[in-house]
Structures are given as structure tokens and as C-alpha cells.
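What follows is a single structure, written as C-alpha cells, with notes after it.
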Amino acid sequence: MHNKTIAELAKSLRSGEFSSVELTSVFLDRIKQHSSLNSYITVTEDLALQEAKAADARLAKGDAELLTGIPIAQKDIFCAEGVKTTCGSKMLDNFIAPYNATVVEKFNTAGAVMLGKLNMDEFAMGSSNETSYYGVVKNPWDTNTVPGGSSGGTAAAVAARLAVCATGTDTGGSIRQPAALCGITGLKPTYGRVSRYGMIAYASSLDQGGPMTRSAEDAAIMLQTMAGFDDKDSTSVDLPVPDYMAGLNNSLEGLKIGLPKEFFGEGLNSDVAAALEAAINEYRKLGAQVTEISMPTLKLAIPAYYVIAPAECSANLSRFDGVRFGYRCENPVDLTDLYTRSRGEGFGKEVKRRILMGTYALSAGYYDAYYIKAQKIRRLISEDFKRALSEVDVIMGPVTPSTAFGIGEKIGNPIEMYLSDIYTIAINLAGVPAMSVPAGFAEGKPVGLQIIGNYFAEDKLLNIAHQYQQVTDWHTYTPKGFE
């Protein structure tokens with residue numbers, strides 16, 4: 001059961017081959033069996049079985065949707081009513097969400113079964129899932145390596161078949177990078193396509209939720225439920241949601257693919273580059289035309305991002321003050337002591353680093369020099385994507401410079417860690433959609449191919465990814481020991 005896709009499981013549930021309770025029990029057992037991966041923070045076993053029973057009743061009535069009865073998991077950045085929601089931080093270790101995020105509510109309405117909440121870098125700040133208060137998540141392909149971050153728990157759980165599919169969030173690559181390192185499919189939608197209501201904020205102008213699955217077809221099924229306008233979210237875009245399944249089998253004949261020369265230069269591992277070239281050759285066989293393009297502003301993405309994102313984080317995280325909810329220090333002597341010690345004890349090192357960076361960038365005398373300049377660069381990057389995507393249909397390239405690196409290898413060097421996202425950050429600054437699809441292996445570890453599209457062209461990306469997955473089988477591979 002655990003190796004089937006959403007579409008396959010939905011068919012089996014409808015035919016009565018097995019029940020949602022039976023299916024859910026299989027995944028709950030697997031989560032216990034492979035707890036050493038540390039992919040879950042909270043397992044909602046009783047709730048999952050209760051939801052599975054309700055799904056079976058719905059299936060029996062014949063009014064089920066594709067996700068009805070399917071065991072999924074939520075990144076622990078989405079509020080789920082009555083369930084501990086931590087954002088991977090000591091600051092929220094005692095926080096029980098009083099309401100559902102819109103994304104969680106949508107899955108509940110569809111009849112999906114929530115297995116639990118997945119581990120993540122603290123407040124989504126990290127590229128390796130080593131900053132979580134709840135410990136490091138291990139990559140199922142090699143448990144001595146990281147799964148990527150910040151959605152590392154999600155990527156590891158889906159890769160190890162501890163959930164059929166799961167949610168992630170992407171601020172600078174946090175869906176695509178872990179998807180690539182764990183050999184699964186991950187989609188970052190256009191900014192505003194998926195509601196951010198109830199998704200704990202890191203950088204409000206960059207954060208976007210999306211699906212992490214085994215296949216592009218499964219990603220289409222998930223996105224169909226997740227996408228849509230939400231009047232509770234001021235950044236939500238009021239546009240119709242297309243049928244993401246309808247165009248999956250469209251021909252790629254004549255598709256124009258652009259390869260930015262800036263993506264394929266110094267710093268890209270040669271084995272990763274070879275795997276990507278093989279993937280791009282498959283697209284040539286499918287009728288695509290491949291041309292080299294130039295996007296000169298891409299090199300400015302990391303410095304711009306590490307001004308804008310920390311600036312927004314310093315503002316968003318000011319609410320965690322030990323007064324209203326979350327961690328509070330013991331026996332504060334006055335209000336200043338309460339604020340200082342609660343935040344000092346509640347936040348981890350990387351979160352403190354980014355708060356300080358952001359506060360500095362926004363301070364008097366530096367706002368114009370850093371923050372305003374970074375926003376101007378962001379506009380240039382956005383214009384670069386618009387120009388490139390007027391010349392080609394999609395842009396392709398690497399997701400990461402290398403395969404999964406060792407646990408502890410980069411945690412002591414923030415700059416080297418930040419460079420892990422060198423190929424993903426510009427996409428968030430521009431707000432365009434992008435996805436990572438499994439594209440082979442290098443040194444026995446997964447490699448991801450990044451596909452970048454125009455605004456609200458998720459259906460096109462899913463079609464392109466699905467057609468590739470019809471002629472390759474990289475997305476079907478399962479890590480040894482998790483079959």
C-alpha cells in the first residue's frame with residue numbers, strides 16, 4: 001500500500017480493496033518503525049484513525065474526492081486546531097493552535113487524513129533541517145546526510161514512504177531543495193496562489209506553501225486542493241484555479257526551454273551537471289527546443305535575499321515576546337527582562353542571527369543603503385525573469401550545487417550554508433512558480449531538475465514534469481530499507 005501514488009490509492013479505496021483505516025494504520029506503523037529519521041514532531045494517531053473512519057463512511061456513500069481517505073502530513077508551520085504547532089522552535093513548544101490554517105481546512109474538507117506534523121528548520125530558517133529544536137532530520141537515502149531544509153521533515157517522510165504526500169513551504173527554496181536532495185517532486189506555486197492564512201510567517205513577501213509528493217500527477221492532485229483565493233489572506237490572488245490534471249498529457253512538441261548560462265558555471269558539481277544534461281536530452285527527445293539564455297541579475301539574488309528575508313523576519317518574529325503565547329522565561333524581574341530572556345532562551349542561534357541581520361538592515365541610517373537597494377535589485381531580478389520567459393516557455397537548471405551533504409558539514413559556516421540555495425532564491429524574489437523533479441543520481445544520491453515557469457503557469461510546469469516522468473522512472477525509486 002505505502003508505495004502507491006495518490007491516484008492509485010484513491011482507486012483502491014473506491015473499489016474497496018482496503019479501507020482508509022487499514023491504509024492509515026500501515027503508515028502509522030511505518031512512522032513508528034522508522035522514527036530514527038526524526039521526520040515527525042507530532043504524530044496524531046488518534047485523530048488520524050478518527051478521520052480515516054469518517055473517510056470510510058464518506059467513501060461508502062459515494063461522495064468521496066480524490067484525497068478522501070489519503071494519509072497526508074502537514075509541515076509544522078501550518079496551524080491545525082487542537083494540535084501542537086511548533087514551527088520547529090522551543091518558542092512554540094507549548095503552543096496548541098486554536099484554529100486551522102486555510103490549507104489544513106482545505107485538506108480536511110477534501111477528507112484527507114492527517115498523520116501528524118513534520119519536522120522543519122526553526123521558523124523555516126535553514127537549508128539542512130539542522131536548526132530544529134527537535135533535532136536533526138536524516139535523509140533516508142543516506143542517514144549520515146541532511147535532507148535539506150526547511151521542509152526537510154516533509155521531504156524525508158515522503159521519500160521514506162511515511163506519508164503518501166505532504167505540505168511544505170518555500171521562502172528561498174525550502175520545497176525544491178529538500179525535494180531534490182531526497183529524490184521527490186516538490187512544487188513552489190506562484191506567490192499568492194496558495195493561502196498563507198494560518199501559515200506561521202518567516203518572510204511575508206516570499207513565503208509560499210506547496211505540495212511535496214512522489215510524482216507530478218500527485219502534485220497536481222494536491223495543488224488542486226491547496227490553491228485558490230482566500231479573503232483571510234491579503235496576499236492571496238483572486239484568480240480562477242485551473243484543472244491541473246487536465247493538461248498533464250499534453251504534447252511537449254515545440255516547447256522552448258531556456259538554460260541560463262549563469263546556472264551551469266563554476267560551483268556546479270560535475271556529476272550533478274551530467275545528470276541534468278541527461279534529463280534535458282530526454283526533453284529534446286520529447287520534441288522540445290533547448291537554447292542557452294543569459295540572466296545577469298541572478299548573481300545578485302543571494303545578497304538581496306539575505307537583506308529582505310531577515311528584515312521581514314525581524315518584524316514578523318517580534319510578536320514572540322513571552323507575553324501572549326509561546327515560551328516565557330522563569331521569574332522575570334521586569335518587562336524588559338521578560339522580553340529579553342524569553343526571546344534569548346526561546347529562539348535558536350540561526351533565528352537570532354537573522355533577526356539581528358534584519359533589524360540592522362532596517363535601522364536608521366542603513367534602511368536606504370541596504371533594504372531599499374535590495375528591493376530595487378529584486379525588481380531587476382523580476383524583470384529579468386519576465387524578459388527570459390517572454391523568449392522561452394520555461395527555464396531549466398539545477399536545484400542545488402551538489403547532492404546531500406553530511407550532517408554537521410556546513411552548520412558552522414553560515415555563508416556556505418546560504419549558498420546551498422544559490423539556484424532557488426531568485427525564483428522567490430521574482431514570485432514565479434518552480435518545481436524540482438527527480439532526475440537521476442550522482443554518487444548514489446538523488447539529483448533534482450528545476451523547472452521554472454511564468455506567473456500562474458503551474459499547469460504547464462506539471463505537464464512538463466509529468467511527461468518527463470512518463471519516460472523516466474527516477475521518481476519511483478525508494479531508499480534502501482524503506483521499500
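Each chain in the C-alpha cells gets a letter, A, B and so on, in the order shown; residues start at 1 in every chain, and ligands are counted from 1 in the order they appear.
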Expected answer as a list of chain:residue names: alpha helix (DSSP H) residues in range 111-156 of chain A
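Matching residues, listed in order: A:Gly152, A:Gly153, A:Thr154, A:Ala155, A:Ala156.
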Emit the selected residues as a CSV table (one decimal), in the first residue's frame, including N, CA and C atoms.
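The resulting file, out-v9.csv, is reproduced below:
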chain,number,residue,atom,x,y,z
A,152,GLY,N,12.6,19.8,5.4
A,152,GLY,CA,13.3,18.5,5.4
A,152,GLY,C,12.5,17.4,6.0
A,153,GLY,N,11.7,17.6,7.0
A,153,GLY,CA,10.9,16.6,7.6
A,153,GLY,C,9.9,16.1,6.5
A,154,THR,N,9.3,17.0,5.8
A,154,THR,CA,8.4,16.6,4.7
A,154,THR,C,9.1,15.8,3.7
A,155,ALA,N,10.2,16.2,3.2
A,155,ALA,CA,10.9,15.5,2.1
A,155,ALA,C,11.3,14.1,2.6
A,156,ALA,N,11.8,14.0,3.8
A,156,ALA,CA,12.3,12.7,4.3
A,156,ALA,C,11.1,11.8,4.5
Which neighbours of Ser402 in chain A fall inside 10 Å, counting only C-alpha atoms, when residues of the same chain fewer than 2 positions from it are skipped, and could you give them as a PyMOL selection string?
chain A and resi 180-181+267-273+398-400+404-405+420+442+445-448
Store the residues picked out above, limited to C-alpha atoms, as a PDB file, in the first residue's frame.
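Produced file selection19.pdb, reproduced below:
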ATOM      1  CA  ALA A 180      15.945  17.444  -4.806  1.00  0.00           C
ATOM      2  CA  LEU A 181      18.121  16.067  -2.005  1.00  0.00           C
ATOM      3  CA  GLY A 267      30.285  25.777  -8.447  1.00  0.00           C
ATOM      4  CA  LEU A 268      28.020  23.150 -10.003  1.00  0.00           C
ATOM      5  CA  ASN A 269      29.143  19.595  -9.211  1.00  0.00           C
ATOM      6  CA  SER A 270      30.166  17.821 -12.434  1.00  0.00           C
ATOM      7  CA  ASP A 271      28.165  14.665 -11.632  1.00  0.00           C
ATOM      8  CA  VAL A 272      25.055  16.755 -10.938  1.00  0.00           C
ATOM      9  CA  ALA A 273      25.626  18.600 -14.231  1.00  0.00           C
ATOM     10  CA  PRO A 398      19.915  22.666 -11.180  1.00  0.00           C
ATOM     11  CA  VAL A 399      18.136  22.898  -7.842  1.00  0.00           C
ATOM     12  CA  THR A 400      21.290  22.500  -5.755  1.00  0.00           C
ATOM     13  CA  ALA A 404      23.010  15.964   0.011  1.00  0.00           C
ATOM     14  CA  PHE A 405      25.906  16.995   2.251  1.00  0.00           C
ATOM     15  CA  SER A 420      23.097  25.865  -0.873  1.00  0.00           C
ATOM     16  CA  ALA A 442      25.173  11.376  -8.507  1.00  0.00           C
ATOM     17  CA  LYS A 445      22.369  10.345  -4.029  1.00  0.00           C
ATOM     18  CA  PRO A 446      19.346  11.977  -5.729  1.00  0.00           C
ATOM     19  CA  VAL A 447      19.619  14.898  -8.136  1.00  0.00           C
ATOM     20  CA  GLY A 448      16.769  17.314  -8.846  1.00  0.00           C
TER      21      GLY A 448
END
Excluding same-chain residues fewer than 2 positions from Pro178 in chain A, what lies within 8 Å of it counting only C-alpha atoms, as an mmCIF file with C-alpha atoms, in the first residue's frame?
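out_22.cif, written as the output of this step:
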data_model
loop_
_atom_site.group_PDB
_atom_site.id
_atom_site.type_symbol
_atom_site.label_atom_id
_atom_site.label_comp_id
_atom_site.auth_asym_id
_atom_site.auth_seq_id
_atom_site.Cartn_x
_atom_site.Cartn_y
_atom_site.Cartn_z
ATOM 1 C CA SER A 128 19.528 21.449 6.091
ATOM 2 C CA PRO A 147 17.502 16.010 3.864
ATOM 3 C CA GLY A 148 17.683 19.723 3.038
ATOM 4 C CA GLY A 149 15.559 22.432 4.547
ATOM 5 C CA SER A 150 13.498 23.971 5.762
ATOM 6 C CA SER A 151 10.912 21.351 4.669
ATOM 7 C CA GLY A 152 13.336 18.522 5.439
ATOM 8 C CA ALA A 155 10.919 15.514 2.109
ATOM 9 C CA SER A 174 12.610 25.241 1.035
ATOM 10 C CA ILE A 175 10.331 22.975 -1.020
ATOM 11 C CA ARG A 176 12.576 22.461 -4.039
ATOM 12 C CA ALA A 180 15.945 17.444 -4.806
ATOM 13 C CA LEU A 181 18.121 16.067 -2.005
ATOM 14 C CA CYS A 182 15.537 13.391 -1.114
#
At a cut-off of 8 Å, using only C-alpha atoms, what residues contact Ala160 in chain A? Leave out same-chain residues fewer than 2 positions from it and give the result as a ChimeraX atom specification.
/A:140,156-158,162,478-479,482-483
Top pick for closest residue to Ala201 in chain A, considering A:Val392, A:Leu356, A:Leu461, A:Ile77 and counting only C-alpha atoms:
A:Ile77
Distance query Ala48 in chain A at most 6 Å, only C-alpha atoms, self and fewer than 3 positions along chain excluded, as an MDAnalysis selection string:
chainID A and resid 44:45 51 113:115
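If you count only C-alpha atoms and ignore residues fewer than 3 places along the chain from Val351 in chain A, what sits within 10 Å of it is Ser89, Asp121, Glu122, Phe123, Ala124, Met125, Gly126, Thr131, Tyr202, Pro310, Cys313, Ser314, Leu317, Gly346, Phe347, Gly348, Arg354, Ile355, Leu356 and Met357 of chain A.
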To one decimal in Å, tell me the separation between CA of Asn249 in chain A and CA of Gln74 in chain A.
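The value is 28.9 Å.
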Using DSSP on the backbone, list every residue of range 176-383 of chain A that comes out as strand (DSSP E), and give them as number ranges by chain.
A: 185-188, 209-213, 256-260, 289-293
Exercise: Ile464 in chain A partners within 8 Å, only C-alpha atoms, chain neighbours under 3 positions left out, as a short mmCIF file (atom, residue, chain, number, x, y, z; two decimals) with N, CA and C atoms, in the first residue's frame:
data_model
loop_
_atom_site.label_atom_id
_atom_site.label_comp_id
_atom_site.auth_asym_id
_atom_site.auth_seq_id
_atom_site.Cartn_x
_atom_site.Cartn_y
_atom_site.Cartn_z
N LEU A 248 -2.08 17.30 -18.13
CA LEU A 248 -0.87 16.54 -17.82
C LEU A 248 -0.30 15.80 -19.03
N LEU A 252 4.72 17.87 -25.67
CA LEU A 252 5.76 18.88 -25.46
C LEU A 252 6.42 19.29 -26.77
N LYS A 460 1.31 24.26 -16.68
CA LYS A 460 2.35 24.00 -17.67
C LYS A 460 3.53 23.24 -17.03
N LEU A 461 3.95 23.68 -15.86
CA LEU A 461 5.06 23.01 -15.17
C LEU A 461 4.71 21.55 -14.86
N GLN A 467 5.26 14.62 -18.20
CA GLN A 467 5.72 13.99 -19.44
C GLN A 467 7.12 13.41 -19.28
N TYR A 468 7.97 14.08 -18.55
CA TYR A 468 9.31 13.56 -18.26
C TYR A 468 9.20 12.28 -17.43
#
A:Glu277, A:Glu282, A:Glu217, A:Asp170 ranked by distance to Asp421 in chain A, top pick (using only C-alpha atoms)
A:Asp170
Name the closest residue to Gln450 in chain A among the candidates A:Glu391, A:Ile377, A:Gly186, A:Phe320; distances are taken between atoms, counting only C-alpha atoms.
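Selected residue with least distance to Gln450 in chain A: A:Gly186.
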